[in-house]
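*Asks:* So here's my_file.txt (compact mmCIF, C-alpha atoms).
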```txt
# COMPACT_ATOMS: atom_id res chain seq x y z
CA MET A 1 28.08 -17.11 -15.77
CA LEU A 2 24.78 -15.28 -15.35
CA LYS A 3 24.99 -11.58 -16.08
CA LYS A 4 24.00 -9.39 -13.16
CA ARG A 5 20.61 -7.67 -13.11
CA ILE A 6 19.54 -4.26 -11.82
CA ILE A 7 15.95 -4.42 -10.59
CA PRO A 8 13.87 -1.46 -9.39
CA CYS A 9 11.05 -2.31 -6.99
CA LEU A 10 7.63 -0.70 -6.79
CA ASP A 11 6.21 -1.15 -3.29
CA VAL A 12 2.56 -0.24 -3.84
CA LYS A 13 -0.01 0.85 -1.24
CA ASP A 14 -3.41 2.36 -2.09
CA GLY A 15 -2.41 2.59 -5.76
CA ARG A 16 0.74 4.65 -5.08
CA THR A 17 4.41 3.71 -4.94
CA VAL A 18 5.70 4.06 -1.37
CA LYS A 19 8.95 3.55 0.51
CA GLY A 20 9.82 3.09 4.16
CA VAL A 21 12.69 2.26 6.50
CA HIS A 22 12.83 -1.15 8.23
CA PHE A 23 9.38 -1.81 6.67
CA GLU A 24 7.93 1.20 8.58
CA SER A 25 7.57 5.02 8.23
CA ILE A 26 5.99 4.70 4.78
CA LYS A 27 6.23 7.73 2.46
CA ASP A 28 4.84 8.41 -1.01
CA ALA A 29 7.29 7.90 -3.88
CA GLY A 30 5.18 8.49 -6.98
CA ASP A 31 2.86 6.99 -9.55
CA PRO A 32 3.69 3.31 -10.22
CA ILE A 33 2.76 3.45 -13.90
CA GLU A 34 4.99 6.49 -14.57
CA LEU A 35 7.87 5.00 -12.58
CA ALA A 36 7.58 1.64 -14.36
CA LYS A 37 7.67 3.35 -17.73
CA ARG A 38 10.72 5.39 -16.72
CA TYR A 39 12.62 2.33 -15.49
CA ALA A 40 11.95 0.38 -18.67
CA GLU A 41 13.24 3.33 -20.71
CA GLU A 42 16.30 3.77 -18.47
CA GLY A 43 17.45 0.19 -18.99
CA ALA A 44 16.24 -1.71 -15.92
CA ASP A 45 16.64 -5.46 -16.46
CA GLU A 46 13.47 -6.40 -14.63
CA LEU A 47 10.77 -4.80 -12.52
CA VAL A 48 9.26 -6.03 -9.24
CA PHE A 49 5.80 -4.88 -8.11
CA LEU A 50 4.82 -5.67 -4.51
CA ASP A 51 1.36 -4.87 -3.19
CA ILE A 52 2.74 -4.46 0.32
CA THR A 53 -0.50 -4.37 2.32
CA ALA A 54 -2.53 -6.99 0.42
CA THR A 55 -1.65 -9.79 2.86
CA SER A 56 -2.10 -7.82 6.08
CA GLU A 57 -5.38 -6.38 4.76
CA LYS A 58 -6.43 -9.89 3.71
CA ARG A 59 -7.24 -8.94 0.14
CA LYS A 60 -6.05 -9.82 -3.37
CA THR A 61 -3.40 -7.98 -5.37
CA ILE A 62 -4.73 -5.04 -7.37
CA THR A 63 -4.83 -6.72 -10.78
CA GLU A 64 -6.11 -3.64 -12.59
CA LEU A 65 -2.95 -1.71 -11.70
CA VAL A 66 -0.79 -4.72 -12.64
CA THR A 67 -2.40 -4.70 -16.10
CA LYS A 68 -1.72 -0.98 -16.54
CA VAL A 69 1.93 -1.32 -15.49
CA ALA A 70 2.47 -4.38 -17.71
CA ALA A 71 1.13 -2.45 -20.71
CA GLU A 72 3.86 0.18 -20.29
CA ILE A 73 6.95 -2.05 -20.03
CA ASN A 74 8.83 -4.58 -22.14
CA ILE A 75 11.01 -6.13 -19.43
CA PRO A 76 10.40 -9.16 -17.16
CA PHE A 77 7.78 -8.24 -14.56
CA THR A 78 7.44 -9.92 -11.14
CA VAL A 79 4.32 -9.33 -9.05
CA GLY A 80 3.70 -10.20 -5.40
CA GLY A 81 1.39 -9.41 -2.50
CA GLY A 82 -1.82 -11.17 -1.50
CA ILE A 83 -1.28 -14.19 -3.77
CA SER A 84 -2.51 -17.10 -1.67
CA SER A 85 -3.80 -19.63 -4.22
CA LEU A 86 -3.12 -21.00 -7.68
CA GLU A 87 -6.18 -19.06 -8.88
CA ASP A 88 -4.65 -15.81 -7.59
CA ALA A 89 -1.43 -16.60 -9.44
CA GLN A 90 -3.34 -17.36 -12.64
CA SER A 91 -5.16 -14.01 -12.52
CA ILE A 92 -1.89 -12.12 -11.94
CA MET A 93 -0.20 -13.91 -14.85
CA GLN A 94 -3.23 -13.14 -17.05
CA ALA A 95 -2.93 -9.48 -15.99
CA GLY A 96 0.56 -9.38 -17.51
CA ALA A 97 3.06 -10.62 -14.92
CA ASP A 98 5.95 -12.84 -16.02
CA LYS A 99 6.72 -14.16 -12.54
CA ILE A 100 4.83 -14.59 -9.27
CA SER A 101 6.40 -13.61 -5.96
CA ILE A 102 5.07 -15.36 -2.87
CA ASN A 103 6.11 -14.88 0.74
CA THR A 104 3.61 -15.31 3.60
CA SER A 105 1.40 -17.67 1.60
CA ALA A 106 4.38 -19.94 0.88
CA ILE A 107 5.25 -20.10 4.59
CA LEU A 108 1.66 -20.94 5.56
CA ASN A 109 1.15 -23.33 2.64
CA PRO A 110 4.44 -24.58 1.11
CA LYS A 111 2.44 -26.70 -1.38
CA LEU A 112 1.56 -23.44 -3.15
CA ILE A 113 5.15 -23.29 -4.43
CA VAL A 114 4.69 -26.75 -5.96
CA GLU A 115 1.32 -25.85 -7.49
CA ILE A 116 2.49 -22.63 -9.16
CA ALA A 117 5.71 -24.28 -10.37
CA ASN A 118 3.73 -27.16 -11.87
CA GLU A 119 1.34 -24.76 -13.61
CA PHE A 120 3.78 -22.18 -14.98
CA GLY A 121 7.28 -23.62 -14.49
CA SER A 122 9.82 -22.98 -11.73
CA GLN A 123 11.20 -19.98 -13.61
CA CYS A 124 7.93 -18.16 -12.82
CA VAL A 125 8.07 -18.74 -9.05
CA VAL A 126 9.97 -16.24 -6.92
CA LEU A 127 10.18 -17.07 -3.23
CA ALA A 128 10.42 -13.76 -1.37
CA ILE A 129 12.13 -14.03 2.00
CA ASP A 130 12.03 -11.17 4.51
CA THR A 131 14.75 -11.86 7.05
CA LYS A 132 15.96 -10.17 10.20
CA LEU A 133 18.98 -10.79 12.42
CA VAL A 134 17.62 -12.01 15.78
CA ASP A 135 20.10 -13.06 18.48
CA GLY A 136 22.77 -13.75 15.88
CA GLU A 137 20.50 -15.83 13.60
CA TRP A 138 18.86 -14.67 10.35
CA MET A 139 15.19 -15.50 10.90
CA VAL A 140 12.26 -15.35 8.46
CA PHE A 141 9.34 -12.96 9.03
CA ARG A 142 5.94 -12.90 7.34
CA ASN A 143 2.98 -10.52 6.91
CA GLY A 144 5.14 -7.69 5.57
CA GLY A 145 7.74 -8.23 8.29
CA LYS A 146 5.21 -7.98 11.13
CA THR A 147 5.14 -11.62 12.24
CA ALA A 148 8.13 -13.68 13.38
CA THR A 149 8.41 -17.35 12.33
CA SER A 150 10.64 -20.19 13.53
CA LEU A 151 12.17 -20.54 10.05
CA LYS A 152 15.85 -19.81 9.44
CA ALA A 153 16.55 -17.94 6.20
CA VAL A 154 19.13 -20.30 4.65
CA ALA A 155 17.14 -23.45 5.43
CA TRP A 156 13.87 -21.92 4.18
CA ALA A 157 15.52 -20.80 0.93
CA ALA A 158 16.81 -24.33 0.34
CA GLU A 159 13.40 -25.83 1.11
CA GLY A 160 11.67 -23.35 -1.20
CA VAL A 161 13.96 -24.30 -4.06
CA ARG A 162 13.42 -28.01 -3.36
CA LEU A 163 9.65 -27.40 -3.66
CA GLY A 164 10.03 -25.63 -7.01
CA ALA A 165 10.97 -21.97 -6.53
CA GLY A 166 13.15 -20.84 -9.41
CA GLU A 167 14.44 -17.67 -7.77
CA ILE A 168 14.90 -16.16 -4.30
CA LEU A 169 14.19 -12.51 -3.49
CA LEU A 170 16.06 -11.96 -0.22
CA THR A 171 15.32 -8.79 1.75
CA SER A 172 17.22 -7.85 4.89
CA MET A 173 14.77 -6.06 7.18
CA ASN A 174 17.73 -4.71 9.18
CA HIS A 175 19.04 -2.94 6.08
CA ASP A 176 15.76 -1.98 4.39
CA GLY A 177 15.64 1.74 3.58
CA THR A 178 18.86 2.51 5.49
CA LYS A 179 21.02 3.09 2.37
CA SER A 180 23.92 1.57 4.34
CA GLY A 181 24.60 -1.29 1.91
CA PHE A 182 23.22 -4.78 1.32
CA ALA A 183 23.43 -7.53 3.96
CA LEU A 184 26.42 -9.28 2.40
CA ASP A 185 26.70 -12.11 4.94
CA ILE A 186 23.19 -13.54 4.64
CA THR A 187 23.11 -12.82 0.88
CA GLN A 188 26.28 -14.86 0.43
CA ALA A 189 25.01 -17.62 2.73
CA VAL A 190 21.74 -17.99 0.81
CA SER A 191 23.24 -17.55 -2.67
CA THR A 192 25.83 -20.27 -2.05
CA SER A 193 23.28 -22.68 -0.57
CA VAL A 194 20.87 -22.75 -3.53
CA ASN A 195 21.33 -23.39 -7.25
CA VAL A 196 18.87 -20.73 -8.45
CA PRO A 197 19.33 -16.96 -8.94
CA VAL A 198 19.22 -14.85 -5.77
CA ILE A 199 18.18 -11.18 -5.79
CA ALA A 200 19.63 -9.09 -2.96
CA SER A 201 17.29 -6.48 -1.50
CA GLY A 202 17.47 -3.93 1.30
CA GLY A 203 20.08 -1.27 1.93
CA ALA A 204 21.15 0.11 -1.45
CA GLY A 205 22.35 3.71 -1.10
CA LEU A 206 25.45 4.08 -3.27
CA LYS A 207 26.73 2.64 -6.53
CA GLU A 208 29.49 1.01 -4.46
CA HIS A 209 26.88 -1.04 -2.61
CA PHE A 210 25.85 -2.74 -5.87
CA LEU A 211 29.52 -3.42 -6.67
CA ASP A 212 29.97 -4.95 -3.20
CA VAL A 213 26.99 -7.28 -3.46
CA PHE A 214 28.00 -8.47 -6.93
CA SER A 215 31.69 -8.91 -6.14
CA GLN A 216 31.36 -10.35 -2.62
CA THR A 217 28.33 -12.64 -2.98
CA LYS A 218 26.86 -14.94 -5.62
CA ALA A 219 23.70 -12.83 -5.97
CA THR A 220 22.79 -12.36 -9.62
CA GLY A 221 20.35 -9.50 -9.09
CA ALA A 222 20.25 -6.39 -6.91
CA LEU A 223 16.95 -4.73 -6.12
CA ALA A 224 16.48 -1.16 -4.95
CA ALA A 225 13.66 1.32 -4.59
CA SER A 226 14.15 4.79 -3.12
CA VAL A 227 17.57 5.49 -4.69
CA PHE A 228 15.93 4.96 -8.08
CA HIS A 229 12.55 6.55 -7.28
CA TYR A 230 14.16 9.79 -6.09
CA GLN A 231 16.88 9.62 -8.77
CA GLN A 232 19.79 9.57 -6.32
CA ILE A 233 21.24 6.93 -8.65
CA THR A 234 20.22 6.46 -12.28
CA ILE A 235 20.22 2.99 -13.77
CA LYS A 236 22.29 4.18 -16.74
CA ASP A 237 25.03 5.61 -14.48
CA LEU A 238 24.95 2.54 -12.25
CA LYS A 239 25.41 0.14 -15.17
CA LYS A 240 28.26 2.25 -16.55
CA TYR A 241 29.97 2.22 -13.13
CA LEU A 242 29.57 -1.56 -12.75
CA LYS A 243 30.95 -2.22 -16.24
CA GLU A 244 33.95 -0.01 -15.47
CA ASN A 245 34.51 -2.18 -12.40
CA LYS A 246 34.48 -5.41 -14.44
CA ILE A 247 31.02 -6.61 -13.37
CA SER A 248 29.30 -8.54 -16.17
CA ILE A 249 26.06 -6.63 -16.50
CA ARG A 250 23.16 -6.94 -18.92
```
The structure in this file should be written as structure tokens.
*Replies:*
Amino acid sequence: MLKKRIIPCLDVKDGRTVKGVHFESIKDAGDPIELAKRYAEEGADELVFLDITATSEKRKTITELVTKVAAEINIPFTVGGGISSLEDAQSIMQAGADKISINTSAILNPKLIVEIANEFGSQCVVLAIDTKLVDGEWMVFRNGGKTATSLKAVAWAAEGVRLGAGEILLTSMNHDGTKSGFALDITQAVSTSVNVPVIASGGAGLKEHFLDVFSQTKATGALAASVFHYQQITIKDLKKYLKENKISIR
């Protein structure tokens, strides 16, 4: 059985780490390089870096900052935001990323999943899915949650894996930044429908929320941002708590 992973996320805008609620009301949360360094030292299993406005601003990911962050850490490093071609992915991998996260570009051009998987291997392709409950159905959104699509989250996850994605990063927009707990229903639905690791994202506020997502769904990773950035939960304490509750943790 895969051991569970604790994954801090750096949402980056204008070179700073930021955090919002429901993908809005963005506030500053610190220097991404300093935060990355701290998380690596604290025992984070992986780190995710998302350039959250690259797609909506129609520009590339800030590779210079990716290089600086990569130089400070020794844990697997996933980078996303503004990656719309194989060439973009190549430059991000050269900058020091271990995995590429794609979202909007994969929806608009599903072949991109195939191309990156063929070039670097499926294990390097993370399909990020931003989903929101709309009239009782978990639907997929793109452009940083701004644009609705006709895709259903479970079906899109399965299609992404069929095309070559080796991991799913599933974010509930309803839960994002609320600290009310992960979206257990859609996380379980997606994690049981695909045969690749699923990272739950959106809603972490208490240590108990991590226990819930690991004990009640098949997610193998749990991603959080503000609770770690503002040190409401430390990774060391969280891992200790999960081990005490019989969760197999790295």
*Asks:* Quick check, in Å to one decimal: how far apart do atom CA of A:Ala200 and atom CA of A:Cys9 lie?
*Replies:*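 That distance, rounded to one decimal, is 11.7 Å.
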*Asks:* Between A:Ile102, A:Cys124, A:Ile92, A:Ile235, which residue has the minimum interatomic distance to A:Leu170, considering all atoms listed in the file?
*Replies:*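 Using all atoms listed in the file, the shortest distance to A:Leu170 belongs to A:Ile102.
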*Asks:* Env of A:Leu169: 12 Å cut, atoms = all atoms listed in the file, seq-sep filter 2 positions within chain, self excluded. Answer as a short mmCIF file (atom, residue, chain, number, x, y, z; two decimals) with C-alpha atoms, in the coordinates of the input.
*Replies:*
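Final output, saved to around22.cif:
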```cif
data_model
loop_
_atom_site.label_atom_id
_atom_site.label_comp_id
_atom_site.auth_asym_id
_atom_site.auth_seq_id
_atom_site.Cartn_x
_atom_site.Cartn_y
_atom_site.Cartn_z
CA ILE A 7 15.95 -4.42 -10.59
CA CYS A 9 11.05 -2.31 -6.99
CA VAL A 48 9.26 -6.03 -9.24
CA LEU A 50 4.82 -5.67 -4.51
CA THR A 78 7.44 -9.92 -11.14
CA VAL A 79 4.32 -9.33 -9.05
CA GLY A 80 3.70 -10.20 -5.40
CA LYS A 99 6.72 -14.16 -12.54
CA ILE A 100 4.83 -14.59 -9.27
CA SER A 101 6.40 -13.61 -5.96
CA ILE A 102 5.07 -15.36 -2.87
CA ASN A 103 6.11 -14.88 0.74
CA VAL A 125 8.07 -18.74 -9.05
CA VAL A 126 9.97 -16.24 -6.92
CA LEU A 127 10.18 -17.07 -3.23
CA ALA A 128 10.42 -13.76 -1.37
CA ILE A 129 12.13 -14.03 2.00
CA ASP A 130 12.03 -11.17 4.51
CA THR A 131 14.75 -11.86 7.05
CA ALA A 153 16.55 -17.94 6.20
CA ALA A 157 15.52 -20.80 0.93
CA GLY A 160 11.67 -23.35 -1.20
CA VAL A 161 13.96 -24.30 -4.06
CA ALA A 165 10.97 -21.97 -6.53
CA GLY A 166 13.15 -20.84 -9.41
CA GLU A 167 14.44 -17.67 -7.77
CA THR A 171 15.32 -8.79 1.75
CA SER A 172 17.22 -7.85 4.89
CA THR A 187 23.11 -12.82 0.88
CA VAL A 190 21.74 -17.99 0.81
CA SER A 191 23.24 -17.55 -2.67
CA VAL A 196 18.87 -20.73 -8.45
CA PRO A 197 19.33 -16.96 -8.94
CA VAL A 198 19.22 -14.85 -5.77
CA ILE A 199 18.18 -11.18 -5.79
CA ALA A 200 19.63 -9.09 -2.96
CA SER A 201 17.29 -6.48 -1.50
CA GLY A 202 17.47 -3.93 1.30
CA ALA A 219 23.70 -12.83 -5.97
CA THR A 220 22.79 -12.36 -9.62
CA GLY A 221 20.35 -9.50 -9.09
CA ALA A 222 20.25 -6.39 -6.91
CA LEU A 223 16.95 -4.73 -6.12
CA ALA A 224 16.48 -1.16 -4.95
#
```
*Asks:* Of the candidates A:Asp185, A:Glu87, A:Asp98, A:Glu119, which one gets nearest to A:Phe49 if we count only C-alpha atoms?
*Replies:* A:Asp98
*Asks:* What's the separation between atom CA of A:Ile62 and atom CA of A:Gly15, in Å to one decimal place?
*Replies:*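 Taking atom CA of A:Ile62 as the start and atom CA of A:Gly15 as the end point, the length is 8.1 Å.
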*Asks:* Name the residues within 10 Å of (30.6, -3.8, -12.8), counting all atoms listed in the file in the file's coordinates, and put them as an MDAnalysis selection string.
*Replies:* chainID A and resid 4 207:208 210:212 214:215 238:249
*Asks:* Would you compute the distance between atom CA of A:Thr63 and atom CA of A:Gly30? Give it in Å to one decimal.
*Replies:* 18.6 Å
*Asks:* From the list A:Leu133, A:Ala44, A:Ile168, A:Ala95, which residue is nearest A:Asn74 when using all atoms listed in the file?
*Replies:*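 Looking at the shortest contact to A:Asn74, the residue is A:Ala44.
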*Asks:* How big is the axis-aligned box around the listed atoms of stretch 117-121 of chain A once 8 Å is added on each side, and where is its centre? Give both in Å to one decimal, as lines of an AutoDock Vina configuration file.
*Replies:*
```
center_x = 4.3
center_y = -24.7
center_z = -12.7
size_x = 21.9
size_y = 21.0
size_z = 20.6
```
*Asks:* Pick from A:Gln123, A:Ser193, A:Ser84, A:Ser180: nearest to A:Val227, with all atoms listed in the file counted?
*Replies:*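 Counting all atoms listed in the file, the residue closest to A:Val227 is A:Ser180.
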*Asks:* Counting all atoms listed in the file, figure out which residue out of A:Val66, A:Leu184, A:Val18, A:Ile6 gets nearest to A:Ser226.
*Replies:*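 Closest candidate: A:Val18.
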*Asks:* Rank nothing, just name the residue among A:Ile107, A:Ala117, A:Ala183, A:Ala225 nearest to A:Ala148, using all atoms listed in the file.
*Replies:*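 Answer, going by the shortest atom-to-atom distance: A:Ile107.
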*Asks:* Pick out the residues sitting within 6 Å of A:Thr17, and hand them over as a list of chain:residue names; count only C-alpha atoms, and ignore anything fewer than 3 positions along from it in its own chain.
*Replies:*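 In the requested format, the answer is A:Leu10, A:Asp11, A:Val12, A:Ala29, A:Gly30, A:Asp31, A:Pro32.
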*Asks:* Go ahead and write the residues just picked, C-alpha atoms, as a CSV table (one decimal), keeping the file's coordinate frame.
*Replies:*
```csv
chain,number,residue,atom,x,y,z
A,10,LEU,CA,7.6,-0.7,-6.8
A,11,ASP,CA,6.2,-1.2,-3.3
A,12,VAL,CA,2.6,-0.2,-3.8
A,29,ALA,CA,7.3,7.9,-3.9
A,30,GLY,CA,5.2,8.5,-7.0
A,31,ASP,CA,2.9,7.0,-9.6
A,32,PRO,CA,3.7,3.3,-10.2
```
*Asks:* Name the residues in contact with A:Glu41 at a cut-off of 10 Å, using only C-alpha atoms, excluding same-chain residues fewer than 5 positions from it; report them as a list in words.
*Replies:* Leu35, Ala36, Glu72, Ile73, Asn74, Ile75, Ile235 and Lys236 of chain A
*Asks:* Taking N, CA and C atoms as the atom set, what does stretch 78-96 of chain A look like once completed, written as a CSV table (one decimal), in the coordinates of the input?
*Replies:*
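Contents of result.csv, as written:
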```csv
chain,number,residue,atom,x,y,z
A,78,THR,N,7.8,-9.0,-12.3
A,78,THR,CA,7.4,-9.9,-11.1
A,78,THR,C,6.4,-9.2,-10.3
A,79,VAL,N,5.4,-9.9,-9.9
A,79,VAL,CA,4.3,-9.3,-9.0
A,79,VAL,C,4.1,-10.2,-7.8
A,80,GLY,N,4.0,-9.5,-6.6
A,80,GLY,CA,3.7,-10.2,-5.4
A,80,GLY,C,2.8,-9.4,-4.5
A,81,GLY,N,2.3,-10.1,-3.5
A,81,GLY,CA,1.4,-9.4,-2.5
A,81,GLY,C,0.0,-10.0,-2.6
A,82,GLY,N,-0.4,-10.7,-1.6
A,82,GLY,CA,-1.8,-11.2,-1.5
A,82,GLY,C,-2.1,-12.4,-2.4
A,83,ILE,N,-1.1,-13.0,-2.9
A,83,ILE,CA,-1.3,-14.2,-3.8
A,83,ILE,C,-1.3,-15.4,-2.9
A,84,SER,N,-2.4,-16.0,-2.6
A,84,SER,CA,-2.5,-17.1,-1.7
A,84,SER,C,-3.0,-18.4,-2.3
A,85,SER,N,-3.3,-18.4,-3.6
A,85,SER,CA,-3.8,-19.6,-4.2
A,85,SER,C,-3.3,-19.7,-5.7
A,86,LEU,N,-3.5,-20.9,-6.3
A,86,LEU,CA,-3.1,-21.0,-7.7
A,86,LEU,C,-4.0,-20.1,-8.5
A,87,GLU,N,-5.3,-19.9,-8.1
A,87,GLU,CA,-6.2,-19.1,-8.9
A,87,GLU,C,-5.7,-17.6,-8.9
A,88,ASP,N,-5.2,-17.2,-7.7
A,88,ASP,CA,-4.6,-15.8,-7.6
A,88,ASP,C,-3.5,-15.6,-8.6
A,89,ALA,N,-2.6,-16.6,-8.6
A,89,ALA,CA,-1.4,-16.6,-9.4
A,89,ALA,C,-1.8,-16.5,-10.9
A,90,GLN,N,-2.9,-17.3,-11.2
A,90,GLN,CA,-3.3,-17.4,-12.6
A,90,GLN,C,-3.9,-16.0,-13.0
A,91,SER,N,-4.6,-15.3,-12.2
A,91,SER,CA,-5.2,-14.0,-12.5
A,91,SER,C,-4.1,-13.0,-12.7
A,92,ILE,N,-3.0,-13.1,-11.8
A,92,ILE,CA,-1.9,-12.1,-11.9
A,92,ILE,C,-1.1,-12.4,-13.2
A,93,MET,N,-0.9,-13.6,-13.6
A,93,MET,CA,-0.2,-13.9,-14.8
A,93,MET,C,-1.0,-13.4,-16.1
A,94,GLN,N,-2.3,-13.6,-16.0
A,94,GLN,CA,-3.2,-13.1,-17.0
A,94,GLN,C,-3.2,-11.6,-17.1
A,95,ALA,N,-3.0,-10.9,-16.0
A,95,ALA,CA,-2.9,-9.5,-16.0
A,95,ALA,C,-1.6,-8.9,-16.6
A,96,GLY,N,-0.7,-9.8,-16.8
A,96,GLY,CA,0.6,-9.4,-17.5
A,96,GLY,C,1.9,-9.6,-16.8
```
